[in-house]
>>> print(open('query_16.txt').read())   # compact mmCIF, C-alpha atoms
# COMPACT_ATOMS: atom_id res chain seq x y z
CA MET A 1 -9.82 1.21 6.76
CA ARG A 2 -9.73 -2.49 7.69
CA PRO A 3 -13.18 -3.54 8.91
CA GLY A 4 -14.17 -7.13 9.49
CA TYR A 5 -16.76 -8.76 7.26
CA LEU A 6 -19.20 -11.56 8.11
CA GLU A 7 -21.46 -12.93 5.39
CA LEU A 8 -24.19 -15.55 5.90
CA THR A 9 -25.66 -16.93 2.66
CA GLN A 10 -28.49 -19.45 2.87
CA ARG A 11 -28.12 -22.51 0.59
CA ASP A 12 -31.32 -24.36 1.48
CA ALA A 13 -33.78 -24.67 4.37
CA THR A 14 -31.11 -25.70 6.90
CA HIS A 15 -27.68 -24.93 5.42
CA TRP A 16 -25.80 -21.62 5.34
CA LYS A 17 -22.46 -20.63 3.85
CA VAL A 18 -20.44 -18.55 6.33
CA LEU A 19 -17.68 -16.26 5.08
CA TRP A 20 -15.59 -14.53 7.75
CA LYS A 21 -12.90 -11.93 6.97
CA ALA A 22 -10.97 -10.67 9.99
CA PRO A 23 -8.15 -8.14 9.67
CA VAL A 24 -5.00 -9.09 11.57
CA LEU A 25 -4.55 -5.51 12.77
CA GLY A 26 -7.15 -4.56 15.35
CA GLY A 27 -7.49 -7.97 17.00
CA LEU A 28 -10.46 -9.50 15.18
CA ALA A 29 -8.42 -12.34 13.67
CA THR A 30 -7.14 -13.60 17.02
CA ARG A 31 -9.87 -12.61 19.48
CA SER A 32 -13.20 -13.09 17.74
CA ARG A 33 -15.27 -15.51 15.67
CA PRO A 34 -18.74 -15.71 14.11
CA ALA A 35 -21.59 -16.17 16.59
CA LEU A 36 -24.75 -17.99 15.50
CA PRO A 37 -27.89 -19.14 17.38
CA ALA A 38 -27.50 -22.21 19.63
CA PHE A 39 -29.45 -24.40 17.18
CA CYS A 40 -26.80 -23.80 14.48
CA THR A 41 -23.73 -26.04 14.12
CA LEU A 42 -20.66 -24.52 12.47
CA LYS A 43 -18.31 -26.72 10.44
CA GLN A 44 -15.00 -24.97 9.73
CA GLY A 45 -13.64 -25.02 6.17
CA ASP A 46 -10.61 -23.48 4.44
CA ILE A 47 -8.65 -20.68 6.14
CA ARG A 48 -6.20 -18.39 4.31
CA LEU A 49 -4.35 -15.12 4.80
CA ASP A 50 -4.97 -12.48 2.13
CA SER A 51 -4.01 -8.77 2.11
CA GLY A 52 -3.64 -8.57 5.88
CA SER A 53 -6.89 -10.38 6.67
CA LEU A 54 -7.64 -13.91 7.80
CA ILE A 55 -10.38 -15.31 5.55
CA SER A 56 -12.28 -18.44 6.46
CA ALA A 57 -15.12 -20.28 4.76
CA ALA A 58 -17.43 -22.48 6.81
CA GLU A 59 -20.77 -24.27 6.60
CA ALA A 60 -23.51 -23.85 9.19
CA THR A 61 -26.42 -26.22 9.73
CA CYS A 62 -29.40 -24.60 11.48
CA THR A 63 -32.32 -26.73 12.60
CA GLN A 64 -34.62 -23.68 12.80
CA PRO A 65 -35.04 -20.44 10.81
CA ILE A 66 -32.68 -17.76 12.12
CA GLU A 67 -35.23 -14.93 11.74
CA GLY A 68 -35.88 -13.38 15.15
CA HIS A 69 -32.58 -14.70 16.52
CA GLN A 70 -29.25 -12.95 17.04
CA VAL A 71 -26.14 -13.38 14.90
CA GLY A 72 -22.87 -11.50 15.01
CA ILE A 73 -19.30 -11.77 16.28
CA SER A 74 -18.27 -13.07 19.69
CA GLY A 75 -15.14 -11.66 21.34
CA MET A 76 -15.48 -8.39 19.46
CA GLU A 77 -15.73 -6.38 22.67
CA ALA A 78 -11.97 -6.93 23.21
CA THR A 79 -11.07 -5.32 19.86
CA PHE A 80 -10.99 -1.83 18.34
CA THR A 81 -12.40 -2.77 14.94
CA ASP A 82 -15.87 -2.56 13.42
CA ALA A 83 -17.35 -5.15 11.07
CA LEU A 84 -20.04 -5.35 8.43
CA LEU A 85 -22.62 -8.14 8.66
CA ARG A 86 -24.42 -9.32 5.53
CA VAL A 87 -27.25 -11.87 5.80
CA ALA A 88 -28.64 -13.27 2.53
CA PRO A 89 -31.68 -15.50 3.18
CA LEU A 90 -32.82 -17.80 0.38
CA GLY A 91 -35.22 -16.02 -1.98
CA ARG A 92 -35.53 -12.90 0.20
CA PRO A 93 -33.80 -9.50 0.34
CA VAL A 94 -30.31 -9.18 1.78
CA GLN A 95 -29.94 -7.59 5.23
CA THR A 96 -26.89 -5.62 6.37
CA ALA A 97 -25.77 -4.22 9.70
CA ARG A 98 -22.72 -2.54 11.17
CA LEU A 99 -21.24 -4.36 14.16
CA THR A 100 -19.13 -2.58 16.78
CA PRO A 101 -17.30 -3.68 19.95
CA THR A 102 -20.28 -2.37 21.97
CA ALA A 103 -22.97 -3.81 19.65
CA ALA A 104 -21.55 -7.01 18.21
CA MET A 105 -24.86 -8.90 17.82
CA VAL A 106 -28.01 -8.06 15.86
CA THR A 107 -31.39 -9.71 15.49
CA VAL A 108 -32.17 -11.02 12.00
CA ALA A 109 -35.42 -9.44 10.83
CA ALA A 110 -38.15 -11.41 9.09
CA VAL A 111 -38.66 -8.36 6.85
CA PRO A 112 -35.42 -6.40 6.29
CA ASP A 113 -35.37 -2.69 7.04
CA ARG A 114 -34.13 -0.88 3.95
CA TRP A 115 -33.18 2.13 6.06
CA GLU A 116 -30.77 -0.04 8.02
CA VAL A 117 -28.67 -0.16 4.85
CA ALA A 118 -28.81 3.64 4.67
CA ARG A 119 -27.78 4.06 8.30
CA THR A 120 -25.00 1.47 8.02
CA TYR A 121 -23.36 2.92 4.91
CA LEU A 122 -23.79 6.52 6.04
CA VAL A 123 -21.77 5.76 9.18
CA ILE A 124 -19.22 3.76 7.17
CA GLY A 125 -18.76 6.74 4.81
CA ILE A 126 -18.20 9.15 7.71
CA GLU A 127 -15.75 6.79 9.37
CA HIS A 128 -13.86 6.21 6.14
CA ILE A 129 -13.07 9.89 5.56
CA LEU A 130 -12.19 10.41 9.25
CA THR A 131 -10.01 7.30 9.56
CA GLY A 132 -8.79 7.09 5.96
CA TYR A 133 -5.75 9.21 6.72
CA ASP A 134 -4.67 9.89 3.14
CA HIS A 135 -8.08 11.35 2.25
CA LEU A 136 -8.13 13.18 5.59
CA LEU A 137 -4.75 14.82 4.95
CA PHE A 138 -5.79 15.80 1.42
CA VAL A 139 -8.84 17.68 2.72
CA ILE A 140 -6.79 19.36 5.47
CA SER A 141 -4.17 20.40 2.87
CA LEU A 142 -6.91 21.86 0.67
CA VAL A 143 -8.11 24.01 3.58
CA LEU A 144 -4.56 25.15 4.46
CA LEU A 145 -3.91 26.07 0.83
CA LEU A 146 -7.10 28.06 0.19
CA GLY A 147 -7.98 29.47 3.61
CA SER A 148 -11.14 31.33 2.56
CA PRO A 149 -14.29 29.46 3.65
CA TRP A 150 -16.25 29.98 0.43
CA VAL A 151 -13.30 29.07 -1.80
CA VAL A 152 -12.75 25.93 0.29
CA VAL A 153 -16.44 24.98 0.07
CA ARG A 154 -16.47 25.39 -3.73
CA ALA A 155 -13.29 23.33 -4.10
CA ALA A 156 -14.65 20.68 -1.71
CA THR A 157 -17.88 20.51 -3.75
CA ALA A 158 -15.86 19.91 -6.92
CA PHE A 159 -13.86 17.23 -5.07
CA THR A 160 -17.10 15.56 -3.91
CA ILE A 161 -18.69 15.56 -7.38
CA ALA A 162 -15.56 14.05 -8.90
CA HIS A 163 -15.00 11.28 -6.37
CA SER A 164 -18.71 10.41 -6.52
CA LEU A 165 -18.44 9.88 -10.29
CA THR A 166 -15.47 7.53 -10.11
CA LEU A 167 -16.75 5.76 -6.99
CA ILE A 168 -20.10 4.96 -8.60
CA GLY A 169 -18.59 4.08 -12.00
CA THR A 170 -15.96 1.78 -10.50
CA THR A 171 -18.37 0.10 -8.07
CA LEU A 172 -20.85 -0.62 -10.87
CA GLY A 173 -18.07 -2.03 -13.05
CA LEU A 174 -18.22 0.66 -15.75
CA PHE A 175 -14.48 1.38 -15.50
CA GLY A 176 -11.63 0.94 -13.05
CA LEU A 177 -7.93 1.24 -12.27
CA ALA A 178 -5.50 -1.03 -10.47
CA GLN A 179 -5.57 -0.18 -6.76
CA ALA A 180 -1.79 -0.09 -6.11
CA PRO A 181 -0.94 2.80 -8.49
CA VAL A 182 -4.11 4.62 -7.40
CA GLU A 183 -3.00 4.55 -3.75
CA ALA A 184 0.48 5.80 -4.72
CA LEU A 185 -0.99 8.66 -6.78
CA ILE A 186 -3.32 9.63 -3.94
CA ALA A 187 -0.25 10.05 -1.72
CA LEU A 188 1.40 12.07 -4.48
CA SER A 189 -1.65 14.38 -4.68
CA ILE A 190 -1.10 15.26 -1.01
CA VAL A 191 2.58 15.96 -1.67
CA PHE A 192 1.55 18.28 -4.54
CA LEU A 193 -0.73 20.32 -2.26
CA ALA A 194 1.95 20.47 0.45
CA VAL A 195 4.45 21.89 -2.08
CA GLU A 196 1.88 24.43 -3.24
CA ILE A 197 1.29 25.60 0.35
CA VAL A 198 5.02 25.95 1.11
CA LYS A 199 5.62 27.95 -2.08
CA GLN A 200 2.75 30.36 -1.46
CA LYS A 201 3.71 34.06 -1.68
CA GLU A 202 1.55 37.01 -0.82
CA GLY A 203 0.24 38.72 -3.96
CA VAL A 204 1.31 35.86 -6.26
CA GLN A 205 -1.29 33.19 -7.04
CA ARG A 206 -0.10 29.72 -7.95
CA LEU A 207 -2.03 27.45 -10.33
CA SER A 208 -3.84 25.66 -7.51
CA GLU A 209 -5.01 29.01 -6.12
CA ARG A 210 -6.15 30.34 -9.50
CA VAL A 211 -8.29 27.31 -10.39
CA PRO A 212 -8.75 25.44 -7.07
CA TRP A 213 -12.01 23.74 -8.11
CA THR A 214 -10.34 22.33 -11.26
CA ILE A 215 -7.44 20.92 -9.22
CA ALA A 216 -9.85 19.57 -6.60
CA PHE A 217 -12.03 17.99 -9.30
CA LEU A 218 -9.11 16.22 -11.01
CA PHE A 219 -7.74 14.90 -7.73
CA GLY A 220 -11.28 13.99 -6.68
CA LEU A 221 -11.53 11.64 -9.66
CA LEU A 222 -8.39 9.92 -8.38
CA HIS A 223 -9.56 9.71 -4.77
CA GLY A 224 -12.85 8.21 -5.95
CA PHE A 225 -10.95 5.13 -7.10
CA GLY A 226 -9.52 4.89 -3.57
CA PHE A 227 -13.01 5.12 -2.02
CA ALA A 228 -14.16 2.40 -4.43
CA GLY A 229 -11.33 0.14 -3.27
CA ALA A 230 -12.44 0.58 0.34
CA LEU A 231 -16.05 -0.12 -0.61
CA ARG A 232 -15.02 -3.30 -2.45
CA GLU A 233 -13.36 -4.53 0.76
CA ILE A 234 -16.52 -3.81 2.75
CA GLY A 235 -18.97 -5.22 0.22
CA LEU A 236 -22.36 -4.02 -1.02
CA PRO A 237 -25.85 -5.43 -0.39
CA GLU A 238 -27.03 -6.88 -3.69
CA THR A 239 -30.60 -5.63 -3.40
CA ASP A 240 -29.80 -2.08 -2.23
CA VAL A 241 -26.71 -1.04 -4.17
CA PRO A 242 -28.08 2.44 -5.11
CA MET A 243 -29.03 3.18 -1.48
CA ALA A 244 -25.65 1.95 -0.21
CA LEU A 245 -23.73 4.03 -2.77
CA LEU A 246 -25.80 7.14 -2.09
CA THR A 247 -25.50 6.99 1.68
CA PHE A 248 -21.79 6.04 1.59
CA ASN A 249 -21.18 9.15 -0.55
CA LEU A 250 -23.28 11.26 1.80
CA GLY A 251 -21.31 9.90 4.74
CA VAL A 252 -18.03 10.83 3.06
CA GLU A 253 -19.39 14.33 2.42
CA VAL A 254 -20.55 14.74 6.03
CA GLY A 255 -17.14 13.63 7.32
CA GLN A 256 -15.44 15.96 4.85
CA LEU A 257 -17.51 18.94 6.03
CA MET A 258 -16.64 18.09 9.64
CA ILE A 259 -12.93 18.20 8.79
CA ILE A 260 -13.28 21.48 6.89
CA ALA A 261 -15.25 23.10 9.73
CA ALA A 262 -12.66 22.01 12.32
CA CYS A 263 -9.72 23.29 10.25
CA LEU A 264 -11.39 26.60 9.43
CA GLY A 265 -12.20 27.00 13.12
CA VAL A 266 -8.55 26.58 14.11
CA ILE A 267 -7.41 28.97 11.35
CA GLY A 268 -10.03 31.52 12.45
CA LEU A 269 -8.84 31.37 16.07
CA LEU A 270 -5.21 31.87 15.02
CA ARG A 271 -6.13 34.83 12.81
CA ARG A 272 -8.03 36.44 15.66
CA PHE A 273 -5.77 35.80 18.63
CA ALA A 274 -2.31 35.05 17.18
CA PRO A 275 -2.08 36.24 13.57
CA ALA A 276 1.73 36.16 13.59
CA ALA A 277 1.64 32.45 14.40
CA LEU A 278 -0.65 31.50 11.50
CA ARG A 279 2.00 31.12 8.78
CA PRO A 280 4.53 29.26 10.99
CA ALA A 281 1.77 26.92 12.21
CA THR A 282 0.61 26.34 8.63
CA LEU A 283 4.17 25.55 7.48
CA THR A 284 4.77 23.20 10.41
CA ALA A 285 1.58 21.29 9.66
CA THR A 286 2.35 21.28 5.93
CA TYR A 287 5.87 19.88 6.34
CA ALA A 288 4.48 17.15 8.60
CA ILE A 289 1.76 16.30 6.07
CA GLY A 290 4.21 16.38 3.16
CA THR A 291 6.68 14.11 4.98
CA VAL A 292 4.02 11.53 5.81
CA ALA A 293 2.59 11.62 2.26
CA SER A 294 6.09 11.26 0.74
CA PHE A 295 6.68 8.19 2.89
CA TRP A 296 3.34 6.74 1.78
CA PHE A 297 4.20 7.41 -1.87
CA ILE A 298 7.58 5.67 -1.66
CA ASP A 299 6.18 2.81 0.43
CA ARG A 300 3.27 2.24 -1.98
CA LEU A 301 5.56 2.29 -4.99
CA ALA A 302 7.83 -0.26 -3.33
CA GLY A 303 4.87 -2.40 -2.32
>>> encode(input="query_16.txt", output="structure tokens")
Amino acid sequence: MRPGYLELTQRDATHWKVLWKAPVLGGLATRSRPALPAFCTLKQGDIRLDSGSLISAAEATCTQPIEGHQVGISGMEATFTDALLRVAPLGRPVQTARLTPTAAMVTVAAVPDRWEVARTYLVIGIEHILTGYDHLLFVISLVLLLGSPWVVVRAATAFTIAHSLTLIGTTLGLFGLAQAPVEALIALSIVFLAVEIVKQKEGVQRLSERVPWTIAFLFGLLHGFGFAGALREIGLPETDVPMALLTFNLGVEVGQLMIIAACLGVIGLLRRFAPAALRPATLTATYAIGTVASFWFIDRLAG
């Protein structure tokens, strides 16, 4: 997940610090720029490339308060990337909003809406699980391995509890792991599930089938570090960290349940109308997932 990030931090009555992070992939870096009210003058500062994103620091001088006026990103309609806006007025609560190609400007509120944080991070959580392909493939592999709806739900619950623990602990600075090995191990967890699916035999339960919630919980702890890395890139509103963490987690869970429901639906249709095709279809999907995850593992080790 590579969203853009625009942060406006007020220094005094007329001056704002403007931080703009635009990922190269998706078009934000080349096609868009911060958009401020007409009474604000933007003075460009340092620009650097870091981890696939163009990061620029600028100073804005505004002759009027920006409350009641629109800020956002111009040129965003020509891209395929979302962005997070963070406005930090002097001595008042931080405001956040999610910007999209179809809604790239928002009006700065005189009194921030706390529920805007909840809505923003809920959507971000859903999008992260649906577009974070390693987490997506892990959940799909879990469904293919277990098959039974109730077993899948129990394992998914264990996975959710575990990644919530590490996500919250890492975000709050209680503990942490380096992101590079975490991303490699996440890919390896998908490879492990793919191997377990391929080696399944009727009447013989493998370890992951005997204690699926334990396996899901352990891997969930690992994936939580990955979610935390994504959340660090997005940023958190200083005054509403608990709300942001809660709703981000809820968003991840909602997205996860959507994936599980879709996969179980496809499996159910195959069992009903083409039972002989279920195992070949499962193996085909598993080999594809295992191949992609193996490439990710090697690529992340090399990187």
>>> residues_around(input="query_16.txt", residues="Ala178 in chain A", least_positions_apart="5", cutoff="10 Å", atoms="all atoms listed in the file", output="list in words")
Glu183, Phe225, Gly226 and Gly229 of chain A
>>> residues_around(input="query_16.txt", residues="Gly220 in chain A", least_positions_apart="3", cutoff="12 Å", atoms="all atoms listed in the file", output="ChimeraX atom specification")
/A:135,138-139,142,155-167,182,185-186,189-190,212-217,223-227
>>> residues_near_point(input="query_16.txt", point="(-10.4, 28.7, -1.3)", cutoff="10 Å", atoms="only C-alpha atoms", output="ChimeraX atom specification")
/A:142-156,208-213
>>> write_last_selection(input="query_16.txt", atoms="C-alpha atoms", output="mmCIF file, in the coordinates of the input")
data_model
loop_
_atom_site.group_PDB
_atom_site.id
_atom_site.type_symbol
_atom_site.label_atom_id
_atom_site.label_comp_id
_atom_site.auth_asym_id
_atom_site.auth_seq_id
_atom_site.Cartn_x
_atom_site.Cartn_y
_atom_site.Cartn_z
ATOM 1 C CA LEU A 142 -6.910 21.860 0.670
ATOM 2 C CA VAL A 143 -8.110 24.010 3.580
ATOM 3 C CA LEU A 144 -4.560 25.150 4.460
ATOM 4 C CA LEU A 145 -3.910 26.070 0.830
ATOM 5 C CA LEU A 146 -7.100 28.060 0.190
ATOM 6 C CA GLY A 147 -7.980 29.470 3.610
ATOM 7 C CA SER A 148 -11.140 31.330 2.560
ATOM 8 C CA PRO A 149 -14.290 29.460 3.650
ATOM 9 C CA TRP A 150 -16.250 29.980 0.430
ATOM 10 C CA VAL A 151 -13.300 29.070 -1.800
ATOM 11 C CA VAL A 152 -12.750 25.930 0.290
ATOM 12 C CA VAL A 153 -16.440 24.980 0.070
ATOM 13 C CA ARG A 154 -16.470 25.390 -3.730
ATOM 14 C CA ALA A 155 -13.290 23.330 -4.100
ATOM 15 C CA ALA A 156 -14.650 20.680 -1.710
ATOM 16 C CA SER A 208 -3.840 25.660 -7.510
ATOM 17 C CA GLU A 209 -5.010 29.010 -6.120
ATOM 18 C CA ARG A 210 -6.150 30.340 -9.500
ATOM 19 C CA VAL A 211 -8.290 27.310 -10.390
ATOM 20 C CA PRO A 212 -8.750 25.440 -7.070
ATOM 21 C CA TRP A 213 -12.010 23.740 -8.110
#
>>> residues_around(input="query_16.txt", residues="range 35-45 of chain A", least_positions_apart="2", cutoff="7 Å", atoms="only C-alpha atoms", output="ChimeraX atom specification")
/A:33,47,56-64,69-74
>>> residues_around(input="query_16.txt", residues="range 78-86 of chain A", least_positions_apart="6", cutoff="10 Å", atoms="only C-alpha atoms", output="MDAnalysis selection string")
chainID A and resid 1:9 19:23 25:32 71:72 94:106 120:121 124 234:238
>>> atom_distance(input="query_16.txt", atom1="CA of Leu257 in chain A", atom2="CA of Phe297 in chain A")
25.8 Å
>>> atom_distance(input="query_16.txt", atom1="CA of Leu301 in chain A", atom2="CA of Asn249 in chain A")
28.0 Å
>>> atom_distance(input="query_16.txt", atom1="CA of Val254 in chain A", atom2="CA of Ala194 in chain A")
23.9 Å
>>> residues_around(input="query_16.txt", residues="Thr284 in chain A", least_positions_apart="4", cutoff="12 Å", atoms="all atoms listed in the file", output="list of chain:residue names")
A:Leu144, A:Ala194, A:Ile197, A:Val198, A:Ala277, A:Leu278, A:Arg279, A:Pro280, A:Ala288, A:Ile289, A:Gly290, A:Thr291
>>> closest_residue(input="query_16.txt", among="A:Tyr287, A:Tyr133, A:Phe175, A:Phe295", to="Val195 in chain A", atoms="all atoms listed in the file")
A:Tyr287
>>> closest_residue(input="query_16.txt", among="A:Ala13, A:Leu188, A:Val108, A:Ile129", to="Phe248 in chain A", atoms="all atoms listed in the file")
A:Ile129
>>> closest_residue(input="query_16.txt", among="A:Leu231, A:Leu207, A:Leu137, A:Ala180", to="Ala244 in chain A", atoms="all atoms listed in the file")
A:Leu231
>>> build_atoms(input="query_16.txt", residues="range 157-190 of chain A", atoms="N, CA and C atoms", output="PDB file, in the coordinates of the input")
ATOM      1  N   THR A 157     -16.735  20.980  -2.955  1.00  0.00           N
ATOM      2  CA  THR A 157     -17.880  20.510  -3.750  1.00  0.00           C
ATOM      3  C   THR A 157     -17.405  19.868  -5.042  1.00  0.00           C
ATOM      4  N   ALA A 158     -16.423  20.493  -5.700  1.00  0.00           N
ATOM      5  CA  ALA A 158     -15.860  19.910  -6.920  1.00  0.00           C
ATOM      6  C   ALA A 158     -15.208  18.566  -6.623  1.00  0.00           C
ATOM      7  N   PHE A 159     -14.505  18.478  -5.489  1.00  0.00           N
ATOM      8  CA  PHE A 159     -13.860  17.230  -5.070  1.00  0.00           C
ATOM      9  C   PHE A 159     -14.915  16.141  -4.849  1.00  0.00           C
ATOM     10  N   THR A 160     -16.031  16.514  -4.198  1.00  0.00           N
ATOM     11  CA  THR A 160     -17.100  15.560  -3.910  1.00  0.00           C
ATOM     12  C   THR A 160     -17.751  15.041  -5.198  1.00  0.00           C
ATOM     13  N   ILE A 161     -18.067  15.959  -6.110  1.00  0.00           N
ATOM     14  CA  ILE A 161     -18.690  15.560  -7.380  1.00  0.00           C
ATOM     15  C   ILE A 161     -17.790  14.585  -8.126  1.00  0.00           C
ATOM     16  N   ALA A 162     -16.499  14.888  -8.155  1.00  0.00           N
ATOM     17  CA  ALA A 162     -15.560  14.050  -8.900  1.00  0.00           C
ATOM     18  C   ALA A 162     -15.409  12.669  -8.281  1.00  0.00           C
ATOM     19  N   HIS A 163     -15.200  12.615  -6.952  1.00  0.00           N
ATOM     20  CA  HIS A 163     -15.000  11.280  -6.370  1.00  0.00           C
ATOM     21  C   HIS A 163     -16.290  10.460  -6.385  1.00  0.00           C
ATOM     22  N   SER A 164     -17.444  11.142  -6.405  1.00  0.00           N
ATOM     23  CA  SER A 164     -18.710  10.410  -6.520  1.00  0.00           C
ATOM     24  C   SER A 164     -18.826   9.742  -7.886  1.00  0.00           C
ATOM     25  N   LEU A 165     -18.386  10.437  -8.927  1.00  0.00           N
ATOM     26  CA  LEU A 165     -18.440   9.880 -10.290  1.00  0.00           C
ATOM     27  C   LEU A 165     -17.601   8.623 -10.412  1.00  0.00           C
ATOM     28  N   THR A 166     -16.348   8.698  -9.965  1.00  0.00           N
ATOM     29  CA  THR A 166     -15.470   7.530 -10.110  1.00  0.00           C
ATOM     30  C   THR A 166     -15.850   6.414  -9.136  1.00  0.00           C
ATOM     31  N   LEU A 167     -16.316   6.787  -7.952  1.00  0.00           N
ATOM     32  CA  LEU A 167     -16.750   5.760  -6.990  1.00  0.00           C
ATOM     33  C   LEU A 167     -17.910   4.961  -7.556  1.00  0.00           C
ATOM     34  N   ILE A 168     -18.921   5.644  -8.064  1.00  0.00           N
ATOM     35  CA  ILE A 168     -20.100   4.960  -8.600  1.00  0.00           C
ATOM     36  C   ILE A 168     -19.728   4.154  -9.850  1.00  0.00           C
ATOM     37  N   GLY A 169     -18.967   4.771 -10.771  1.00  0.00           N
ATOM     38  CA  GLY A 169     -18.590   4.080 -12.000  1.00  0.00           C
ATOM     39  C   GLY A 169     -17.765   2.837 -11.755  1.00  0.00           C
ATOM     40  N   THR A 170     -16.815   2.930 -10.808  1.00  0.00           N
ATOM     41  CA  THR A 170     -15.960   1.780 -10.500  1.00  0.00           C
ATOM     42  C   THR A 170     -16.747   0.689  -9.788  1.00  0.00           C
ATOM     43  N   THR A 171     -17.584   1.085  -8.826  1.00  0.00           N
ATOM     44  CA  THR A 171     -18.370   0.100  -8.070  1.00  0.00           C
ATOM     45  C   THR A 171     -19.341  -0.660  -8.963  1.00  0.00           C
ATOM     46  N   LEU A 172     -19.902   0.025  -9.949  1.00  0.00           N
ATOM     47  CA  LEU A 172     -20.850  -0.620 -10.870  1.00  0.00           C
ATOM     48  C   LEU A 172     -20.153  -1.341 -12.014  1.00  0.00           C
ATOM     49  N   GLY A 173     -18.815  -1.304 -12.042  1.00  0.00           N
ATOM     50  CA  GLY A 173     -18.070  -2.030 -13.050  1.00  0.00           C
ATOM     51  C   GLY A 173     -17.994  -1.355 -14.405  1.00  0.00           C
ATOM     52  N   LEU A 174     -18.269  -0.047 -14.470  1.00  0.00           N
ATOM     53  CA  LEU A 174     -18.220   0.660 -15.750  1.00  0.00           C
ATOM     54  C   LEU A 174     -16.795   0.944 -16.184  1.00  0.00           C
ATOM     55  N   PHE A 175     -15.904   1.165 -15.224  1.00  0.00           N
ATOM     56  CA  PHE A 175     -14.480   1.380 -15.500  1.00  0.00           C
ATOM     57  C   PHE A 175     -13.728   1.134 -14.202  1.00  0.00           C
ATOM     58  N   GLY A 176     -12.411   1.193 -14.260  1.00  0.00           N
ATOM     59  CA  GLY A 176     -11.630   0.940 -13.050  1.00  0.00           C
ATOM     60  C   GLY A 176     -10.142   1.081 -13.300  1.00  0.00           C
ATOM     61  N   LEU A 177      -9.384   1.181 -12.218  1.00  0.00           N
ATOM     62  CA  LEU A 177      -7.930   1.240 -12.270  1.00  0.00           C
ATOM     63  C   LEU A 177      -7.376   0.285 -11.221  1.00  0.00           C
ATOM     64  N   ALA A 178      -6.155  -0.178 -11.455  1.00  0.00           N
ATOM     65  CA  ALA A 178      -5.500  -1.030 -10.470  1.00  0.00           C
ATOM     66  C   ALA A 178      -5.315  -0.249  -9.170  1.00  0.00           C
ATOM     67  N   GLN A 179      -5.543  -0.895  -8.036  1.00  0.00           N
ATOM     68  CA  GLN A 179      -5.570  -0.180  -6.760  1.00  0.00           C
ATOM     69  C   GLN A 179      -4.190   0.304  -6.320  1.00  0.00           C
ATOM     70  N   ALA A 180      -3.127  -0.467  -6.591  1.00  0.00           N
ATOM     71  CA  ALA A 180      -1.790  -0.090  -6.110  1.00  0.00           C
ATOM     72  C   ALA A 180      -1.323   1.264  -6.663  1.00  0.00           C
ATOM     73  N   PRO A 181      -1.347   1.476  -7.996  1.00  0.00           N
ATOM     74  CA  PRO A 181      -0.940   2.800  -8.490  1.00  0.00           C
ATOM     75  C   PRO A 181      -1.882   3.917  -8.053  1.00  0.00           C
ATOM     76  N   VAL A 182      -3.167   3.614  -7.877  1.00  0.00           N
ATOM     77  CA  VAL A 182      -4.110   4.620  -7.400  1.00  0.00           C
ATOM     78  C   VAL A 182      -3.710   5.108  -6.013  1.00  0.00           C
ATOM     79  N   GLU A 183      -3.388   4.172  -5.113  1.00  0.00           N
ATOM     80  CA  GLU A 183      -3.000   4.550  -3.750  1.00  0.00           C
ATOM     81  C   GLU A 183      -1.722   5.363  -3.747  1.00  0.00           C
ATOM     82  N   ALA A 184      -0.769   5.022  -4.632  1.00  0.00           N
ATOM     83  CA  ALA A 184       0.480   5.800  -4.720  1.00  0.00           C
ATOM     84  C   ALA A 184       0.197   7.211  -5.226  1.00  0.00           C
ATOM     85  N   LEU A 185      -0.672   7.340  -6.225  1.00  0.00           N
ATOM     86  CA  LEU A 185      -0.990   8.660  -6.780  1.00  0.00           C
ATOM     87  C   LEU A 185      -1.786   9.510  -5.798  1.00  0.00           C
ATOM     88  N   ILE A 186      -2.603   8.879  -4.974  1.00  0.00           N
ATOM     89  CA  ILE A 186      -3.320   9.630  -3.940  1.00  0.00           C
ATOM     90  C   ILE A 186      -2.317  10.263  -2.972  1.00  0.00           C
ATOM     91  N   ALA A 187      -1.302   9.495  -2.576  1.00  0.00           N
ATOM     92  CA  ALA A 187      -0.250  10.050  -1.720  1.00  0.00           C
ATOM     93  C   ALA A 187       0.469  11.194  -2.422  1.00  0.00           C
ATOM     94  N   LEU A 188       0.715  11.030  -3.720  1.00  0.00           N
ATOM     95  CA  LEU A 188       1.400  12.070  -4.480  1.00  0.00           C
ATOM     96  C   LEU A 188       0.547  13.342  -4.582  1.00  0.00           C
ATOM     97  N   SER A 189      -0.773  13.202  -4.632  1.00  0.00           N
ATOM     98  CA  SER A 189      -1.650  14.380  -4.680  1.00  0.00           C
ATOM     99  C   SER A 189      -1.517  15.206  -3.407  1.00  0.00           C
ATOM    100  N   ILE A 190      -1.296  14.542  -2.276  1.00  0.00           N
ATOM    101  CA  ILE A 190      -1.100  15.260  -1.010  1.00  0.00           C
ATOM    102  C   ILE A 190       0.232  15.985  -1.024  1.00  0.00           C
TER     103      ILE A 190
END
